[in-house]
Every structure is written in structure tokens, then in C-alpha cells.
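Have a look at data.txt; it's compact mmCIF, C-alpha atoms:
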# COMPACT_ATOMS: atom_id res chain seq x y z
CA ASN A 1 0.00 0.00 0.00
CA ALA A 2 2.40 2.65 -1.28
CA GLY A 3 -0.12 5.52 -1.56
CA VAL A 4 1.78 8.59 -2.80
CA THR A 5 5.47 8.21 -3.56
CA GLN A 6 7.78 11.19 -3.98
CA THR A 7 11.36 11.25 -5.14
CA PRO A 8 13.91 12.37 -4.20
CA LYS A 9 13.55 12.75 -0.42
CA PHE A 10 16.41 15.24 -0.16
CA GLN A 11 18.15 17.46 -2.70
CA VAL A 12 20.69 20.25 -2.65
CA LEU A 13 20.88 22.49 -5.71
CA LYS A 14 23.03 25.40 -6.68
CA THR A 15 21.32 28.60 -7.75
CA GLY A 16 20.37 28.35 -11.41
CA GLN A 17 20.31 24.56 -11.59
CA SER A 18 17.20 22.74 -12.68
CA MET A 19 15.53 19.64 -11.34
CA THR A 20 12.31 17.67 -11.47
CA LEU A 21 10.48 16.34 -8.44
CA GLN A 22 8.61 13.15 -9.19
CA CYS A 23 5.30 12.04 -7.70
CA ALA A 24 3.25 8.91 -8.31
CA GLN A 25 0.07 7.60 -6.70
CA ASP A 26 -1.41 4.13 -6.88
CA MET A 27 -4.89 4.91 -5.52
CA ASN A 28 -6.51 5.65 -8.87
CA HIS A 29 -7.09 9.23 -7.75
CA ASN A 30 -8.20 11.83 -10.26
CA SER A 31 -6.65 14.93 -8.71
CA MET A 32 -3.06 15.64 -7.77
CA TYR A 33 -1.36 18.61 -6.13
CA TRP A 34 2.00 20.13 -5.34
CA TYR A 35 2.47 22.14 -2.15
CA ARG A 36 5.39 23.82 -0.52
CA GLN A 37 5.69 24.24 3.24
CA ASP A 38 7.82 26.91 4.83
CA PRO A 39 8.18 27.79 8.52
CA GLY A 40 5.44 30.18 9.58
CA MET A 41 3.75 30.02 6.16
CA GLY A 42 1.89 26.75 6.28
CA LEU A 43 1.13 24.73 3.18
CA ARG A 44 0.82 26.73 -0.01
CA LEU A 45 -0.52 25.31 -3.26
CA ILE A 46 1.87 25.59 -6.20
CA TYR A 47 0.02 23.76 -8.98
CA TYR A 48 -2.70 21.20 -9.19
CA SER A 49 -4.19 18.82 -11.71
CA ALA A 50 -7.92 18.24 -11.35
CA SER A 51 -7.79 15.29 -13.72
CA GLU A 52 -5.50 13.64 -16.23
CA GLY A 53 -4.69 16.07 -18.99
CA THR A 54 -5.31 19.28 -17.04
CA THR A 55 -3.09 21.45 -14.87
CA ASP A 56 -3.73 24.79 -13.19
CA LYS A 57 -1.88 27.34 -11.12
CA GLY A 58 -2.30 27.56 -7.40
CA GLU A 59 -1.32 30.28 -4.97
CA VAL A 60 2.45 30.37 -5.65
CA PRO A 61 3.20 29.07 -9.18
CA ASN A 62 6.03 31.41 -10.18
CA GLY A 63 9.30 29.62 -10.89
CA TYR A 64 7.67 26.21 -11.31
CA ASN A 65 6.19 24.08 -14.06
CA VAL A 66 4.27 20.84 -13.86
CA SER A 67 3.40 17.88 -16.03
CA ARG A 68 0.57 15.42 -15.49
CA LEU A 69 2.24 12.56 -17.30
CA ASN A 70 -0.67 10.15 -16.83
CA LYS A 71 -3.26 9.46 -14.18
CA ARG A 72 -0.64 8.18 -11.75
CA GLU A 73 2.17 10.69 -12.17
CA PHE A 74 2.49 14.42 -11.59
CA SER A 75 5.91 16.05 -11.74
CA LEU A 76 7.13 19.46 -10.59
CA ARG A 77 10.01 21.16 -12.36
CA LEU A 78 12.23 23.99 -11.19
CA GLU A 79 13.85 25.43 -14.31
CA SER A 80 16.30 27.77 -12.59
CA ALA A 81 16.42 27.21 -8.86
CA ALA A 82 16.62 30.18 -6.50
CA PRO A 83 17.35 30.29 -2.76
CA SER A 84 13.73 31.39 -2.20
CA GLN A 85 12.69 27.94 -3.41
CA THR A 86 14.36 26.28 -0.46
CA SER A 87 11.44 24.48 1.14
CA VAL A 88 9.76 21.17 1.83
CA TYR A 89 7.67 20.06 -1.13
CA PHE A 90 4.69 17.77 -0.74
CA CYS A 91 2.76 16.01 -3.44
CA ALA A 92 -0.81 14.97 -2.67
CA SER A 93 -3.68 13.24 -4.39
CA SER A 94 -7.43 12.99 -3.90
CA GLY A 95 -10.44 11.41 -5.50
CA GLY A 96 -11.55 14.82 -6.75
CA LEU A 97 -11.51 18.51 -5.96
CA GLY A 98 -12.74 20.01 -2.74
CA ASN A 99 -14.86 17.42 -1.02
CA TRP A 100 -12.19 14.79 -0.63
CA GLY A 101 -9.40 14.48 1.87
CA TYR A 102 -5.89 14.47 0.47
CA THR A 103 -3.25 11.79 0.81
CA PHE A 104 0.26 13.23 0.96
CA GLY A 105 3.62 11.89 -0.04
CA SER A 106 6.45 11.95 2.47
CA GLY A 107 7.94 15.13 1.06
CA THR A 108 11.11 16.39 -0.60
CA ARG A 109 13.45 18.61 1.38
CA LEU A 110 15.07 20.96 -1.12
CA THR A 111 17.89 23.34 -0.33
CA VAL A 112 19.07 25.87 -2.91
CA VAL A 113 22.45 27.40 -2.17
CA ARG B 1 -8.67 38.37 6.65
CA LYS B 2 -6.78 35.10 6.30
CA GLU B 3 -8.60 32.16 4.77
CA VAL B 4 -8.08 29.82 7.72
CA GLU B 5 -6.85 31.02 11.08
CA GLN B 6 -5.59 28.97 13.98
CA ASP B 7 -3.87 29.70 17.26
CA PRO B 8 -0.26 28.62 16.56
CA GLY B 9 0.32 27.49 20.14
CA PRO B 10 2.26 25.68 21.37
CA PHE B 11 -0.18 24.05 23.71
CA ASN B 12 1.76 22.28 26.46
CA VAL B 13 -0.46 19.90 28.40
CA PRO B 14 0.07 16.97 30.80
CA GLU B 15 -0.92 13.44 29.89
CA GLY B 16 -4.60 12.84 30.51
CA ALA B 17 -5.60 16.45 29.93
CA THR B 18 -8.38 17.60 27.64
CA VAL B 19 -7.31 20.10 25.03
CA ALA B 20 -9.34 22.08 22.51
CA PHE B 21 -8.22 23.66 19.26
CA ASN B 22 -10.19 26.31 17.47
CA CYS B 23 -10.18 27.48 13.89
CA THR B 24 -12.02 30.18 11.95
CA TYR B 25 -12.43 30.37 8.20
CA SER B 26 -13.40 33.23 5.93
CA ASN B 27 -15.18 31.54 3.04
CA SER B 28 -18.85 31.13 3.91
CA ALA B 29 -19.29 28.93 0.82
CA SER B 30 -16.85 26.27 2.05
CA GLN B 31 -18.44 22.84 2.01
CA SER B 32 -15.75 20.51 3.28
CA PHE B 33 -13.86 20.62 6.55
CA PHE B 34 -11.10 18.46 7.93
CA TRP B 35 -8.53 18.17 10.68
CA TYR B 36 -5.09 16.92 9.70
CA ARG B 37 -2.24 15.90 11.93
CA GLN B 38 1.40 16.56 11.06
CA ASP B 39 4.26 15.07 13.02
CA CYS B 40 7.62 16.80 13.04
CA ARG B 41 9.34 16.48 9.64
CA LYS B 42 6.54 14.26 8.32
CA GLU B 43 3.70 14.71 5.88
CA PRO B 44 0.21 15.82 6.97
CA LYS B 45 -2.21 12.96 7.55
CA LEU B 46 -5.97 13.11 7.63
CA LEU B 47 -7.22 12.88 11.20
CA MET B 48 -10.93 13.30 10.63
CA SER B 49 -13.53 15.00 8.52
CA VAL B 50 -15.82 17.52 10.22
CA TYR B 51 -19.56 17.34 9.73
CA SER B 52 -22.25 19.86 10.55
CA SER B 53 -23.76 17.54 13.13
CA GLY B 54 -20.41 17.10 14.84
CA ASN B 55 -18.56 13.82 14.89
CA GLU B 56 -16.49 11.76 17.24
CA ASP B 57 -13.71 9.26 16.70
CA GLY B 58 -12.54 7.73 19.95
CA ARG B 59 -10.95 10.47 22.04
CA PHE B 60 -11.35 13.04 19.27
CA THR B 61 -14.45 15.19 18.73
CA ALA B 62 -14.86 17.70 15.92
CA GLN B 63 -17.50 20.40 15.76
CA LEU B 64 -18.53 22.79 13.00
CA ASN B 65 -20.47 26.01 13.42
CA ARG B 66 -21.32 27.30 9.96
CA ALA B 67 -23.03 30.46 11.21
CA SER B 68 -19.88 31.54 13.05
CA GLN B 69 -17.53 29.93 10.51
CA TYR B 70 -15.80 28.14 13.31
CA ILE B 71 -14.37 24.63 13.65
CA SER B 72 -13.11 22.94 16.78
CA LEU B 73 -11.22 19.80 17.72
CA LEU B 74 -11.38 18.35 21.23
CA ILE B 75 -8.89 15.75 22.39
CA ARG B 76 -9.75 13.94 25.61
CA ASP B 77 -7.36 11.97 27.78
CA SER B 78 -4.27 13.23 25.92
CA LYS B 79 -1.50 10.75 25.18
CA LEU B 80 2.18 11.41 24.60
CA SER B 81 1.62 10.17 21.06
CA ASP B 82 -0.85 13.00 20.42
CA SER B 83 2.07 15.45 20.32
CA ALA B 84 1.99 16.92 16.81
CA THR B 85 0.78 19.93 14.86
CA TYR B 86 -2.93 19.96 14.07
CA LEU B 87 -4.00 21.58 10.81
CA CYS B 88 -7.47 22.97 10.21
CA VAL B 89 -8.49 22.54 6.57
CA VAL B 90 -11.44 23.89 4.59
CA SER B 91 -12.41 23.84 0.93
CA GLY B 92 -11.70 27.05 -0.93
CA ASP B 93 -13.83 29.10 -3.23
CA MET B 94 -13.75 29.41 -6.98
CA ASN B 95 -11.36 32.31 -6.93
CA TYR B 96 -8.82 31.13 -4.41
CA GLY B 97 -5.34 31.24 -5.91
CA GLY B 98 -6.77 30.26 -9.26
CA SER B 99 -8.00 26.96 -7.88
CA GLN B 100 -11.55 25.79 -7.73
CA GLY B 101 -12.63 24.12 -4.57
CA ASN B 102 -9.15 23.10 -3.49
CA LEU B 103 -8.41 22.62 0.15
CA ILE B 104 -6.93 25.48 2.14
CA PHE B 105 -4.72 24.62 5.07
CA GLY B 106 -4.34 26.60 8.25
CA LYS B 107 -0.83 27.07 9.59
CA GLY B 108 -1.47 24.62 12.39
CA THR B 109 -1.54 24.47 16.16
CA LYS B 110 1.32 22.69 17.87
CA LEU B 111 0.48 20.35 20.74
CA SER B 112 3.04 18.98 23.15
CA VAL B 113 1.84 16.40 25.68
CA LYS B 114 4.17 15.96 28.64
CA PRO B 115 4.46 13.00 31.03

Taking this structure as input, can you express it in the form of C-alpha cells?
Amino acid sequence: NAGVTQTPKFQVLKTGQSMTLQCAQDMNHNSMYWYRQDPGMGLRLIYYSASEGTTDKGEVPNGYNVSRLNKREFSLRLESAAPSQTSVYFCASSGGLGNWGYTFGSGTRLTVV
Amino acid sequence: RKEVEQDPGPFNVPEGATVAFNCTYSNSASQSFFWYRQDCRKEPKLLMSVYSSGNEDGRFTAQLNRASQYISLLIRDSKLSDSATYLCVVSGDMNYGGSQGNLIFGKGTKLSVKP
């Protein structure tokens, strides 16, 4: 019962480097999400995908791109990392928007130096 | 006004105590309400949904007051293992951050249960 799997768990990047955070769920969920969590800021939505084939911006999308590769997978890409993107990133999935609880992955701790 | 507001705590209580967390939300159109638990350096996990009639799960009781836009979580007979941050979560509106009906998370209330 894997649920939501995120990789990598930890990453250190230099400013300007790029990377892709991977997320996969095995619960046949329609909707997937990427959040970042910073001290004192709580969880903030970066991008979400209501269903396979669609993606939309959340509260803090600048500096990120996403791809809903198929129903299972939803990746987050940082094209040119900045120190302000140092954060813990969580992927989540749910049966649908709004009225469903989310299941989260274990997170990726990203440091940009 | 912030979408979801919680007292950040920390709440430091002895084992066996009863502790209550409160949360207010700004979107009167919200339809879904949850409490999540987040342990240190871990992902948030769904603790319980919150229904208008109130609901109970063992030592945990959740209440919703739609008129006051207020949600509460009561923990009875606190255990050491209850130490965590508790996140109040509500569904957003159509115009929140470009998302439609996505969940909005409060910043959480930290609970520390001491022996």
C-alpha cells in the first residue's frame, strides 16, 4: 500500500540549476497537487491537476512548471532554482476537488544554495 | 482576513488532559472541513472530517459552526503520542489562488503532551 510516492527525499541544488520532483500515486485518484511548506507560512498550493490532462496554477506558481504525465504521475520542475525555493515540497492526491481528503507523499526537502 | 486562522500554540499539556483547538475560516461557501495531523518532519495525515452535526472518533471530537464559521477539535485523555501539529483545513472558493474548490490549510496548532 504505497499511496503517494515522492522522489527524491532530499536534494541540494546550486542557484540556477534545474531539477524535477517526481510524484506517483497508486490509488486511482483523479486529482493531484503540489504544495510547498515553509516555517510560519503553512502549506501553499503551487500547482494542481484536477484530472488527467489538465493542470492549473495555485497560490504560488512562479518559478515552477508541472506535467501530469498520466493518471498516476504528476511532476514538478524547477527550471532555474533560486534560494527562495528552499522548502519542503509535498505532493498529494485525492479522489476529486474540494470534497475529498488528500493523501500526501512523504515530502522532498530541497535546499538551494 | 486570512482564509483559515488557527492559534499557533504551542499548547503544552500533561498526559490525561483535555485540550481544545479552534479554527475560523473566511469563506462562507466552504463545504468541506477536515482536521489533519502533522508530526515533526513528516507529511500531513488526515485525522478526521468535520460534519455539521459534529462527529467523534474515539478520544477526538470535531465540531462545526457554519453560522460563526468556526471549527473545533477536542482531544480527551491526551496521550504522549498525540504530540503533533494539528491543521485545520477547509475547501476554498472558486477564486482562491486560481484553484476551484481546493483545500486550504491553516498554519497549524502545535500540541506537546508531557508526562

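Across A:His29, A:Lys14, A:Lys9, A:Lys71, the tightest approach to chain B is made by A:Lys9 when counting all atoms listed in the file.
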
Taking only C-alpha atoms into account, report as a PDB file with C-alpha atoms, keeping the file's coordinate frame which residues of chain B lie within 12 Å of chain A.
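Below is the file that was written, selection37.pdb:
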ATOM      1  CA  LYS B   2      -6.780  35.100   6.300  1.00  0.00           C
ATOM      2  CA  GLU B   3      -8.600  32.160   4.770  1.00  0.00           C
ATOM      3  CA  VAL B   4      -8.080  29.820   7.720  1.00  0.00           C
ATOM      4  CA  GLU B   5      -6.850  31.020  11.080  1.00  0.00           C
ATOM      5  CA  GLN B   6      -5.590  28.970  13.980  1.00  0.00           C
ATOM      6  CA  PRO B   8      -0.260  28.620  16.560  1.00  0.00           C
ATOM      7  CA  ALA B  29     -19.290  28.930   0.820  1.00  0.00           C
ATOM      8  CA  SER B  30     -16.850  26.270   2.050  1.00  0.00           C
ATOM      9  CA  GLN B  31     -18.440  22.840   2.010  1.00  0.00           C
ATOM     10  CA  SER B  32     -15.750  20.510   3.280  1.00  0.00           C
ATOM     11  CA  PHE B  33     -13.860  20.620   6.550  1.00  0.00           C
ATOM     12  CA  PHE B  34     -11.100  18.460   7.930  1.00  0.00           C
ATOM     13  CA  TRP B  35      -8.530  18.170  10.680  1.00  0.00           C
ATOM     14  CA  TYR B  36      -5.090  16.920   9.700  1.00  0.00           C
ATOM     15  CA  ARG B  37      -2.240  15.900  11.930  1.00  0.00           C
ATOM     16  CA  GLN B  38       1.400  16.560  11.060  1.00  0.00           C
ATOM     17  CA  ASP B  39       4.260  15.070  13.020  1.00  0.00           C
ATOM     18  CA  CYS B  40       7.620  16.800  13.040  1.00  0.00           C
ATOM     19  CA  ARG B  41       9.340  16.480   9.640  1.00  0.00           C
ATOM     20  CA  LYS B  42       6.540  14.260   8.320  1.00  0.00           C
ATOM     21  CA  GLU B  43       3.700  14.710   5.880  1.00  0.00           C
ATOM     22  CA  PRO B  44       0.210  15.820   6.970  1.00  0.00           C
ATOM     23  CA  LYS B  45      -2.210  12.960   7.550  1.00  0.00           C
ATOM     24  CA  LEU B  46      -5.970  13.110   7.630  1.00  0.00           C
ATOM     25  CA  LEU B  47      -7.220  12.880  11.200  1.00  0.00           C
ATOM     26  CA  MET B  48     -10.930  13.300  10.630  1.00  0.00           C
ATOM     27  CA  SER B  49     -13.530  15.000   8.520  1.00  0.00           C
ATOM     28  CA  VAL B  50     -15.820  17.520  10.220  1.00  0.00           C
ATOM     29  CA  TYR B  51     -19.560  17.340   9.730  1.00  0.00           C
ATOM     30  CA  THR B  85       0.780  19.930  14.860  1.00  0.00           C
ATOM     31  CA  TYR B  86      -2.930  19.960  14.070  1.00  0.00           C
ATOM     32  CA  LEU B  87      -4.000  21.580  10.810  1.00  0.00           C
ATOM     33  CA  CYS B  88      -7.470  22.970  10.210  1.00  0.00           C
ATOM     34  CA  VAL B  89      -8.490  22.540   6.570  1.00  0.00           C
ATOM     35  CA  VAL B  90     -11.440  23.890   4.590  1.00  0.00           C
ATOM     36  CA  SER B  91     -12.410  23.840   0.930  1.00  0.00           C
ATOM     37  CA  GLY B  92     -11.700  27.050  -0.930  1.00  0.00           C
ATOM     38  CA  ASP B  93     -13.830  29.100  -3.230  1.00  0.00           C
ATOM     39  CA  MET B  94     -13.750  29.410  -6.980  1.00  0.00           C
ATOM     40  CA  ASN B  95     -11.360  32.310  -6.930  1.00  0.00           C
ATOM     41  CA  TYR B  96      -8.820  31.130  -4.410  1.00  0.00           C
ATOM     42  CA  GLY B  97      -5.340  31.240  -5.910  1.00  0.00           C
ATOM     43  CA  GLY B  98      -6.770  30.260  -9.260  1.00  0.00           C
ATOM     44  CA  SER B  99      -8.000  26.960  -7.880  1.00  0.00           C
ATOM     45  CA  GLN B 100     -11.550  25.790  -7.730  1.00  0.00           C
ATOM     46  CA  GLY B 101     -12.630  24.120  -4.570  1.00  0.00           C
ATOM     47  CA  ASN B 102      -9.150  23.100  -3.490  1.00  0.00           C
ATOM     48  CA  LEU B 103      -8.410  22.620   0.150  1.00  0.00           C
ATOM     49  CA  ILE B 104      -6.930  25.480   2.140  1.00  0.00           C
ATOM     50  CA  PHE B 105      -4.720  24.620   5.070  1.00  0.00           C
ATOM     51  CA  GLY B 106      -4.340  26.600   8.250  1.00  0.00           C
ATOM     52  CA  LYS B 107      -0.830  27.070   9.590  1.00  0.00           C
ATOM     53  CA  GLY B 108      -1.470  24.620  12.390  1.00  0.00           C
ATOM     54  CA  THR B 109      -1.540  24.470  16.160  1.00  0.00           C
ATOM     55  CA  LYS B 110       1.320  22.690  17.870  1.00  0.00           C
TER      56      LYS B 110
END

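The gap separating CA of Gly63 in chain A from CA of Gln25 in chain A is 24.2 Å, in Å to one decimal.
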
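Reported to one decimal place, the separation of CA of Tyr25 in chain B from CA of Phe60 in chain B is 20.6 Å.
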
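Taking CA of Leu73 in chain B and CA of Trp34 in chain A as endpoints, the distance between them is 26.6 Å.
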
Original post:
Using only C-alpha atoms, which of A:Gly95, A:Met19, A:Ala2, A:Pro8 sits nearest Ala82 in chain A?
Top reply: A:Met19

**OP:** For Gln17 in chain A, list every protein, DNA or RNA residue within 8 Å, evaluated using all atoms listed in the file, and leave out those in the same chain fewer than 2 positions away; present the list as a PyMOL selection string.
**Re:** chain A and resi 13-15+19+79-81

Around the point (2.2, 11.8, -17.4), in the coordinates given by the file, pick out the residues reaching within 12 Å, counting all atoms listed in the file, and return them as a PDB file with C-alpha atoms, in the frame of the given file.
ATOM      1  CA  GLN A  22       8.610  13.150  -9.190  1.00  0.00           C
ATOM      2  CA  CYS A  23       5.300  12.040  -7.700  1.00  0.00           C
ATOM      3  CA  ALA A  24       3.250   8.910  -8.310  1.00  0.00           C
ATOM      4  CA  GLN A  25       0.070   7.600  -6.700  1.00  0.00           C
ATOM      5  CA  MET A  32      -3.060  15.640  -7.770  1.00  0.00           C
ATOM      6  CA  SER A  49      -4.190  18.820 -11.710  1.00  0.00           C
ATOM      7  CA  SER A  51      -7.790  15.290 -13.720  1.00  0.00           C
ATOM      8  CA  GLU A  52      -5.500  13.640 -16.230  1.00  0.00           C
ATOM      9  CA  GLY A  53      -4.690  16.070 -18.990  1.00  0.00           C
ATOM     10  CA  THR A  54      -5.310  19.280 -17.040  1.00  0.00           C
ATOM     11  CA  THR A  55      -3.090  21.450 -14.870  1.00  0.00           C
ATOM     12  CA  VAL A  66       4.270  20.840 -13.860  1.00  0.00           C
ATOM     13  CA  SER A  67       3.400  17.880 -16.030  1.00  0.00           C
ATOM     14  CA  ARG A  68       0.570  15.420 -15.490  1.00  0.00           C
ATOM     15  CA  LEU A  69       2.240  12.560 -17.300  1.00  0.00           C
ATOM     16  CA  ASN A  70      -0.670  10.150 -16.830  1.00  0.00           C
ATOM     17  CA  LYS A  71      -3.260   9.460 -14.180  1.00  0.00           C
ATOM     18  CA  ARG A  72      -0.640   8.180 -11.750  1.00  0.00           C
ATOM     19  CA  GLU A  73       2.170  10.690 -12.170  1.00  0.00           C
ATOM     20  CA  PHE A  74       2.490  14.420 -11.590  1.00  0.00           C
ATOM     21  CA  SER A  75       5.910  16.050 -11.740  1.00  0.00           C
ATOM     22  CA  LEU A  76       7.130  19.460 -10.590  1.00  0.00           C
TER      23      LEU A  76
END

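Shortest atom-to-atom contact with Leu74 in chain B among B:Asn12, B:Thr24, B:Thr18, B:Ser52: B:Thr18, counting all atoms listed in the file.
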
Output range 77-94 of chain A as a tab-separated table (two decimals), in the coordinates of the input, making sure N, CA, C and O atoms are there.
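The result, written out as result_16.tsv:
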chain	number	residue	atom	x	y	z
A	77	ARG	N	8.69	20.81	-11.85
A	77	ARG	CA	10.01	21.16	-12.36
A	77	ARG	C	10.39	22.58	-11.94
A	77	ARG	O	9.58	23.51	-12.06
A	78	LEU	N	11.63	22.69	-11.46
A	78	LEU	CA	12.23	23.99	-11.19
A	78	LEU	C	13.24	24.23	-12.31
A	78	LEU	O	14.22	23.50	-12.43
A	79	GLU	N	12.99	25.20	-13.15
A	79	GLU	CA	13.85	25.43	-14.31
A	79	GLU	C	15.16	26.11	-13.93
A	79	GLU	O	16.21	25.80	-14.48
A	80	SER	N	15.10	27.04	-13.02
A	80	SER	CA	16.30	27.77	-12.59
A	80	SER	C	16.15	28.06	-11.11
A	80	SER	O	15.54	29.05	-10.72
A	81	ALA	N	16.67	27.15	-10.30
A	81	ALA	CA	16.42	27.21	-8.86
A	81	ALA	C	16.97	28.49	-8.23
A	81	ALA	O	18.05	28.99	-8.62
A	82	ALA	N	16.22	28.99	-7.26
A	82	ALA	CA	16.62	30.18	-6.50
A	82	ALA	C	16.57	29.87	-5.02
A	82	ALA	O	15.81	28.99	-4.59
A	83	PRO	N	17.37	30.55	-4.20
A	83	PRO	CA	17.35	30.29	-2.76
A	83	PRO	C	15.95	30.40	-2.14
A	83	PRO	O	15.65	29.69	-1.18
A	84	SER	N	15.10	31.24	-2.73
A	84	SER	CA	13.73	31.39	-2.20
A	84	SER	C	12.89	30.13	-2.40
A	84	SER	O	11.80	30.01	-1.82
A	85	GLN	N	13.39	29.20	-3.19
A	85	GLN	CA	12.69	27.94	-3.41
A	85	GLN	C	13.14	26.85	-2.45
A	85	GLN	O	12.66	25.71	-2.53
A	86	THR	N	14.01	27.20	-1.54
A	86	THR	CA	14.36	26.28	-0.46
A	86	THR	C	13.11	26.05	0.38
A	86	THR	O	12.51	27.00	0.90
A	87	SER	N	12.71	24.78	0.49
A	87	SER	CA	11.44	24.48	1.14
A	87	SER	C	11.28	22.97	1.24
A	87	SER	O	12.11	22.20	0.77
A	88	VAL	N	10.19	22.57	1.86
A	88	VAL	CA	9.76	21.17	1.83
A	88	VAL	C	8.59	21.09	0.86
A	88	VAL	O	7.61	21.84	1.00
A	89	TYR	N	8.69	20.20	-0.10
A	89	TYR	CA	7.67	20.06	-1.13
A	89	TYR	C	6.88	18.77	-0.90
A	89	TYR	O	7.45	17.70	-0.70
A	90	PHE	N	5.57	18.92	-0.91
A	90	PHE	CA	4.69	17.77	-0.74
A	90	PHE	C	3.82	17.61	-1.97
A	90	PHE	O	3.21	18.58	-2.45
A	91	CYS	N	3.73	16.39	-2.43
A	91	CYS	CA	2.76	16.01	-3.44
A	91	CYS	C	1.57	15.38	-2.73
A	91	CYS	O	1.74	14.73	-1.68
A	92	ALA	N	0.38	15.57	-3.26
A	92	ALA	CA	-0.81	14.97	-2.67
A	92	ALA	C	-1.75	14.54	-3.78
A	92	ALA	O	-1.66	15.02	-4.92
A	93	SER	N	-2.66	13.64	-3.43
A	93	SER	CA	-3.68	13.24	-4.39
A	93	SER	C	-5.01	13.09	-3.68
A	93	SER	O	-5.07	12.94	-2.45
A	94	SER	N	-6.08	13.16	-4.46
A	94	SER	CA	-7.43	12.99	-3.90
A	94	SER	C	-8.34	12.45	-4.98
A	94	SER	O	-8.04	12.53	-6.17
